[in-house]
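Encoded as structure tokens, the structure appears first; notes follow it.
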Amino acid sequence: MQNNMHMSGSSEDVTGHEFLAFTLGAEEYGIDILKVQEIRGYESPTRIANAPEFIKGVMNLRGLIVPIVDMRIKFELGEANYDNLTVVIILNVGGRVVGMVVDSVSDVITLNPEQIKPAPAMTSALDTNYLIGLGTVDQRMLILVDIDKLMSSSEMGLTDELVA
Amino acid sequence: MTVDMSQFYQVFFDEAAELLAEKERLLLDVDVASPDPEDLDAIFRTAHSIKGGAATFGFNDITEVTHVLESLLDRIRKGEIPLTAEHVDAFLAAKDVLEMLINGHKNGAAVDREAVEQISKRLQALSALGAVHAAASPVESKAASAVQEAHTGNAASVPANVQHYRIELPETPQRDVDALASELGLLGHITQSLLEDQRTVFVLITEESVDDIVAICSFVLDADALKITNITPVIAAPSVSANEDPGYGFFEPLLTEIQKKEVADAAAEAAVQAAAHVESTERKQARRDSDKAAAGNAESSSIRVSIEKVDQLINLVGELVITQAMIEQRIGNLDPMLHEGLLNSVGQLTRNTHDLQEAVMSIRMMPMDYVFSRFPRMVRDMAGKLGKKIDFVTQGAATELDKGLIERIVDPLTHLVRNSVDHGIELPEVRRAAGKSEAGRLTLAASHQGGHIVIEVSDDGAGLNRDRILAKAVQQGLTVSDNMPDEDVWQLIFAPGFSTAEVVTDISGRGVGMDVVKRNITAMGGTVEIRSARGFGSTMRISLPLTLAILDGMSIKVGEEVYIVPLAYVIESLQPEKTELKEVAGQGRLIKVRDEYLPLIYLYEQFAINPRYADPSDGIVIIMGVDGKKAAIFVDSLVGQQQVVVKNLESNFRKVPGISGATILGDGGVSLIVDVSALMRSLG
């Protein structure tokens with residue numbers, strides 16, 4: 001299991017890492033803030049024929065053609081409805097830009113290494129392989145997602161097979 | 001502190017490659033009988049620059065070869081050795097060896113040491129041969145000098161050519177004469193003699209100008225007292241006695257007056273210039289530097305930029321154009337009376353953006369010369385090997401094409417040129433027998449036509465043999481008929497596997513890998529046409545879009561979705577009658593267009609769209625042509641034609657079947673580009 005944090009290089013800095021907290025259904029998740037390029041409202045993307053349902057399509061992000069995935073559909077969390085409040089987190093993972101639809105974004109939380117516990121199996125809808133651990137702040141508990149690993153996994157089908 | 005030189009290697013390799021290409025171009029252009037001294041200088045400079053670079057980076061093998069090459073070139077440009085065709089051949093061979101050496105350092109490619117050895121010997125041998133010539137030349141020039149004295153003045157102000165000057169000194173102490181002789185010796189070849197009144201006369205063979213000579217002399221003596229005459233031999237003349245011929249004396253005072261004035265003017269000018277320099281050698285150095293600076297200016301008028309930066313710029317401008325289109329759309333419904341100022345400004349913005357886009361796109365454009373320049377050598381070598389005589393002509397080398405395309409056109413074009421030389425143009429005897437000139441003519445021409453660039457490879461050779469091609473096609477099991485139009489017959493040679501060894505030698509031969517040529521060109525969105533007349537030659541006509549980044553598209557609508565179809569594939573569109581639609585068991589659906597049955601693709605099925613019309617007779621059918629195959633695609637409606645900027649889907653996503661790319665529409669939305677060839681392939 002993933003006992004230590006393996007994010008952008010050093011897990012040794014004592015000052016802790018910043019995580020962007022967002023919700024999917026009833027669960028609260030966190031991802032490394034450094035992977036987040038921007039957050040924007042949902043605009044209807046261009047559908048891609050014969051793609052899985054959770055790949056909503058591609059959109060124009062200032063000239064880049066960016067795929068949009070809906071995590072709620074992918075992990076069957078919450079209602080996949082789209083309104084003015086639906087949020088897209090634009091991620092920059094492994095040199096690729098990907099948009100991720102979530103229910104809402106709450107805030108940015110700083111976690112010290114000691115606040116992060118290894119995730120027990122069956123914590124969430126996500127496979128523990130894609131988790132960094134569980135972060136606890138006050139009464140909140142965040143499921144910390146290794147977004148790099150998740151987005152480049154074959155499960156998401158965002159990259160060609162040959163691309164590592 | 002040591003600097004890691006390896007980081008500069010690439011720069012040296014790039015530069016050396018450019019210099020070698022330049023050298024080859026100059027060598028091929030040079031007129032052996034009467035070489036232009038400027039060309040010789042330029043050739044010398046290329047060798048010299050490569051040597052300098054190689055020495056800096058410690059590539060000793062390159063330095064050695066260039067050194068021998070440089071020395072020989074130096075003597076040729078100084079006029080010590082006359083240039084011969086043999087020299088040109090040796091220099092071209094040396095260029096190949098240098099290229100090999102550079103590649104050896106660059107990619108670790110194998111290096112043929114023997115060839116290196118050989119070329120050095122060959123150059124040295126030529127150098128030794130030339131030395132004999134050189135020994136004889138001063139005598140000749142001296143003999144000619146007296147006669148030529150009347151041809152003075154006019155050439156005195158012509159710089160940079162090898163000139164012979166007669167410099168008559170006033171009475172000068174011997175010490176100064178010696179000093180002057182050694183200084184002037186730096187400019188070129190000098191000989192000394194005495195006049196009857198014990199004054200000294202120099203004959204200087206140099207490419208420096210009179211100004212330089214005056215400038216040097218003026219440090220030692222009064223320039224006004226100098227008498228410099230240009231005695232460059234123009235015609236070979238019998239030698240008359242060494243001293244002034246009385247017959248010419250009549251003209252001499254007059255000419256000398258003019259001469260003196262010129263010299264005086266030059267001296268005044270030179271004095272001003274020379275004021276900054278203490279020594280004559282410094283002056284000479286300064287001249288060298290200014291030469292270099294001039295060369296440097298020519299270089300700095302262009303800069304090296306990585307293609308990524310250019311592409312980024314193009315992307316950004318593409319964005320700007322889209323944003324501008326969005327603004328234009330938004331203000332479309334404003335009241336023109338109330339917002340006149342705003343509307344005017346946006347109009348201005350529109351014009352500026354389009355200009356900017358055009359200018360930025362032109363950065364990626366490169367002249368066709370980049371491709372053309374490699375052919376003269378190839379044709380020369382091949383013609384030599386095959387014993388053919390070929391006049392090679394290029395036209396429109398300045399025509400510009402996208403860099404991405406220009407690199408991909410090299411191979412197909414090489415193939416076509418090679419075919420023309422090998423199979424198109426006949427041997428001199430055959431040509432003579434056919435009543436043609438012995439030397440065949442091979443033309444490579446490029447021009448812009450509309451949004452396309454047209455490249456033509458034409459020869460006045462034997463032309464294609466219709467009967468042989470048809471016979472071969474039948475043999476290959478292709479469907480042909482005797483009354484096919486010529487154009488269709490010529491297209492047969494592009495069929496895969498059409499050529500076999502015996503065809504190559506039998507028929508006029510075009511066929512070696514012609515299918516590959518055709519495929520490459522089609523992949524670039526281009527077409528190839530052939531025109532040929534038996535006995536008069538043939539022309540291969542390649543037509544390419546100017547750039548890959550922009551595509552002429554037809555936007556089509558299926559259900560609520562808009563797709564782009566590359567216009568290049570669209571033949572026609574029509575609304576079919578129900579009776580024209582056929583369903584064939586196991587064959588899918590067909591549509592009858594005039595007398596042809598074409599496979600019919602339902603786009604809404606391919607892309608799983610909810611269409612407005614499910615029956616082709618309600619919608620529109622587009623007839624597409626790829627590689628001579630045709631198919632019909634059924635869509636709801638046509639939206640319009642537009643130029644679109646092609647974006648890569650794979651940069652952030654993956655390859656999508658049936659889609660070749662994406663583009664951004666005027667409203668900021670994304671539209672996908674249909675991969676027509678993949679769709680056609682899916683038909684099997």
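Identifiers in the structure tokens: chain A, B, ... in order shown; residue index from 1 per chain; ligand index from 1 in order shown.
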
Closest atom pairs, chain A residues within 12 Å of chain B, only C-alpha atoms, as a tab-separated table:
residue	atom	partner	partner_atom	distance
A:Glu43	CA	B:Gly669	CA	9.6
A:Ser44	CA	B:Gly669	CA	8.9
A:Pro45	CA	B:Val670	CA	7.5
A:Thr46	CA	B:Val670	CA	5.9
A:Arg47	CA	B:Glu561	CA	8.2
A:Ile48	CA	B:Val656	CA	8.0
A:Ala49	CA	B:Phe607	CA	4.7
A:Asn50	CA	B:Phe607	CA	6.6
A:Ala51	CA	B:Val656	CA	8.4
A:Pro52	CA	B:Val656	CA	11.9
A:Ile55	CA	B:Phe653	CA	10.5
A:Gly57	CA	B:Val670	CA	9.5
A:Val58	CA	B:Val670	CA	7.1
A:Met59	CA	B:Val670	CA	5.9
A:Asn60	CA	B:Val670	CA	5.9
A:Leu61	CA	B:Gly668	CA	9.0
A:Arg62	CA	B:Glu319	CA	6.4
A:Gly63	CA	B:Glu319	CA	5.6
A:Leu64	CA	B:Lys647	CA	7.9
A:Ile65	CA	B:Leu649	CA	6.4
A:Val66	CA	B:Asn652	CA	5.9
A:Pro67	CA	B:Phe653	CA	6.2
A:Ile68	CA	B:Phe653	CA	9.6
A:Val69	CA	B:Phe653	CA	11.0
A:Ile90	CA	B:Asn652	CA	11.8
A:Leu91	CA	B:Asn652	CA	10.9
A:Asn92	CA	B:Asn652	CA	9.7
A:Val93	CA	B:Asn652	CA	9.8
A:Gly94	CA	B:Asn652	CA	9.9
A:Gly95	CA	B:Asn652	CA	8.2
A:Arg96	CA	B:Asn652	CA	4.9
A:Val97	CA	B:Asn652	CA	5.6
A:Val98	CA	B:Asn652	CA	6.9
A:Gly99	CA	B:Asn652	CA	10.1
A:Met151	CA	B:Phe653	CA	10.9
A:Ser152	CA	B:Phe653	CA	10.5
A:Ser154	CA	B:Arg654	CA	11.4
A:Met156	CA	B:Phe653	CA	10.8
A:Gly157	CA	B:Arg654	CA	8.1
A:Leu158	CA	B:Phe653	CA	5.5
A:Thr159	CA	B:Arg654	CA	4.8
A:Asp160	CA	B:Arg654	CA	5.1
A:Glu161	CA	B:Arg654	CA	8.7
A:Leu162	CA	B:Arg654	CA	10.3
A:Val163	CA	B:Arg654	CA	9.3

How about saving the chosen residues, C-alpha atoms kept, as an mmCIF file, in the first residue's frame?
data_model
loop_
_atom_site.group_PDB
_atom_site.id
_atom_site.type_symbol
_atom_site.label_atom_id
_atom_site.label_comp_id
_atom_site.auth_asym_id
_atom_site.auth_seq_id
_atom_site.Cartn_x
_atom_site.Cartn_y
_atom_site.Cartn_z
ATOM 1 C CA GLU A 43 -19.245 24.577 -20.899
ATOM 2 C CA SER A 44 -20.727 21.944 -23.092
ATOM 3 C CA PRO A 45 -17.839 20.205 -24.878
ATOM 4 C CA THR A 46 -17.806 18.670 -28.338
ATOM 5 C CA ARG A 47 -18.804 15.051 -28.085
ATOM 6 C CA ILE A 48 -16.380 12.401 -29.257
ATOM 7 C CA ALA A 49 -17.994 9.546 -31.092
ATOM 8 C CA ASN A 50 -17.695 6.089 -29.564
ATOM 9 C CA ALA A 51 -15.883 7.314 -26.459
ATOM 10 C CA PRO A 52 -16.849 6.026 -22.979
ATOM 11 C CA ILE A 55 -15.423 11.282 -21.441
ATOM 12 C CA GLY A 57 -15.740 15.331 -25.160
ATOM 13 C CA VAL A 58 -13.186 17.979 -25.992
ATOM 14 C CA MET A 59 -13.263 21.696 -25.399
ATOM 15 C CA ASN A 60 -11.293 24.708 -26.524
ATOM 16 C CA LEU A 61 -9.098 26.024 -23.760
ATOM 17 C CA ARG A 62 -7.489 29.080 -25.302
ATOM 18 C CA GLY A 63 -6.478 27.168 -28.387
ATOM 19 C CA LEU A 64 -5.731 23.855 -26.747
ATOM 20 C CA ILE A 65 -8.018 20.959 -27.452
ATOM 21 C CA VAL A 66 -8.645 19.537 -23.990
ATOM 22 C CA PRO A 67 -10.561 16.366 -23.122
ATOM 23 C CA ILE A 68 -13.154 16.642 -20.363
ATOM 24 C CA VAL A 69 -13.872 13.735 -18.056
ATOM 25 C CA ILE A 90 -8.175 21.893 -15.422
ATOM 26 C CA LEU A 91 -5.249 19.647 -14.562
ATOM 27 C CA ASN A 92 -1.789 19.571 -15.986
ATOM 28 C CA VAL A 93 -0.527 16.045 -15.560
ATOM 29 C CA GLY A 94 2.503 14.655 -17.300
ATOM 30 C CA GLY A 95 2.564 17.464 -19.823
ATOM 31 C CA ARG A 96 -1.055 16.904 -20.806
ATOM 32 C CA VAL A 97 -3.966 19.145 -20.051
ATOM 33 C CA VAL A 98 -7.166 17.460 -18.937
ATOM 34 C CA GLY A 99 -10.413 18.860 -17.602
ATOM 35 C CA MET A 151 -5.254 10.287 -15.207
ATOM 36 C CA SER A 152 -2.540 8.397 -17.017
ATOM 37 C CA SER A 154 -5.430 2.866 -18.917
ATOM 38 C CA MET A 156 -9.281 6.450 -17.854
ATOM 39 C CA GLY A 157 -8.445 5.787 -21.502
ATOM 40 C CA LEU A 158 -7.168 9.313 -21.993
ATOM 41 C CA THR A 159 -3.888 8.374 -23.574
ATOM 42 C CA ASP A 160 -2.873 6.047 -26.336
ATOM 43 C CA GLU A 161 -1.803 2.667 -25.093
ATOM 44 C CA LEU A 162 1.828 3.181 -25.979
ATOM 45 C CA VAL A 163 2.158 6.404 -24.056
#

Using backbone DSSP assignments, extract all alpha helix (DSSP H) residues from range 57-156 of chain A; output them as a PyMOL selection string.
-> chain A and resi 71-74+147-151

Could you jot down the CA of Glu64 in chain B to CA of Gly384 in chain B separation for me, Å, one decimal place?
->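 Between CA of Glu64 in chain B and CA of Gly384 in chain B the gap works out to 29.0 Å.
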
Spatial neighbours of Tyr29 in chain A, max dist 6 Å, only C-alpha atoms, sep filter under 2 positions, as an MDAnalysis selection string = chainID A and resid 21:23 142:144

Residue subset to file, keeping C-alpha atoms, as a PDB file, in the first residue's frame:
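Just written: result20.pdb:
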ATOM      1  CA  ALA A  21     -10.321  20.028  -1.862  1.00  0.00           C
ATOM      2  CA  PHE A  22     -13.365  19.150  -3.968  1.00  0.00           C
ATOM      3  CA  THR A  23     -16.476  17.047  -3.532  1.00  0.00           C
ATOM      4  CA  LEU A 142     -10.020  14.164   2.659  1.00  0.00           C
ATOM      5  CA  ILE A 143      -9.345  11.293   0.300  1.00  0.00           C
ATOM      6  CA  LEU A 144      -6.045  12.284  -1.295  1.00  0.00           C
TER       7      LEU A 144
END

Val203 in chain B environment, 8 Å, only C-alpha atoms, sequence neighbours closer than 5 positions dropped, as a ChimeraX atom specification | /B:142,164-167,190-192

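Here CA of Gln357 in chain B and CA of Val321 in chain B stand 7.6 Å from one another.
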
Closest to Asp112 in chain B among B:Val97, B:Val310, B:Ile406, B:Val346, using only C-alpha atoms?
->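 So, comparing all the options, the nearest one is B:Val97.
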
Looking at only C-alpha atoms, which of A:Met71, A:Val105, A:Val137, A:Leu131 is the one that sits closest to Arg40 in chain A?
-> A:Val105
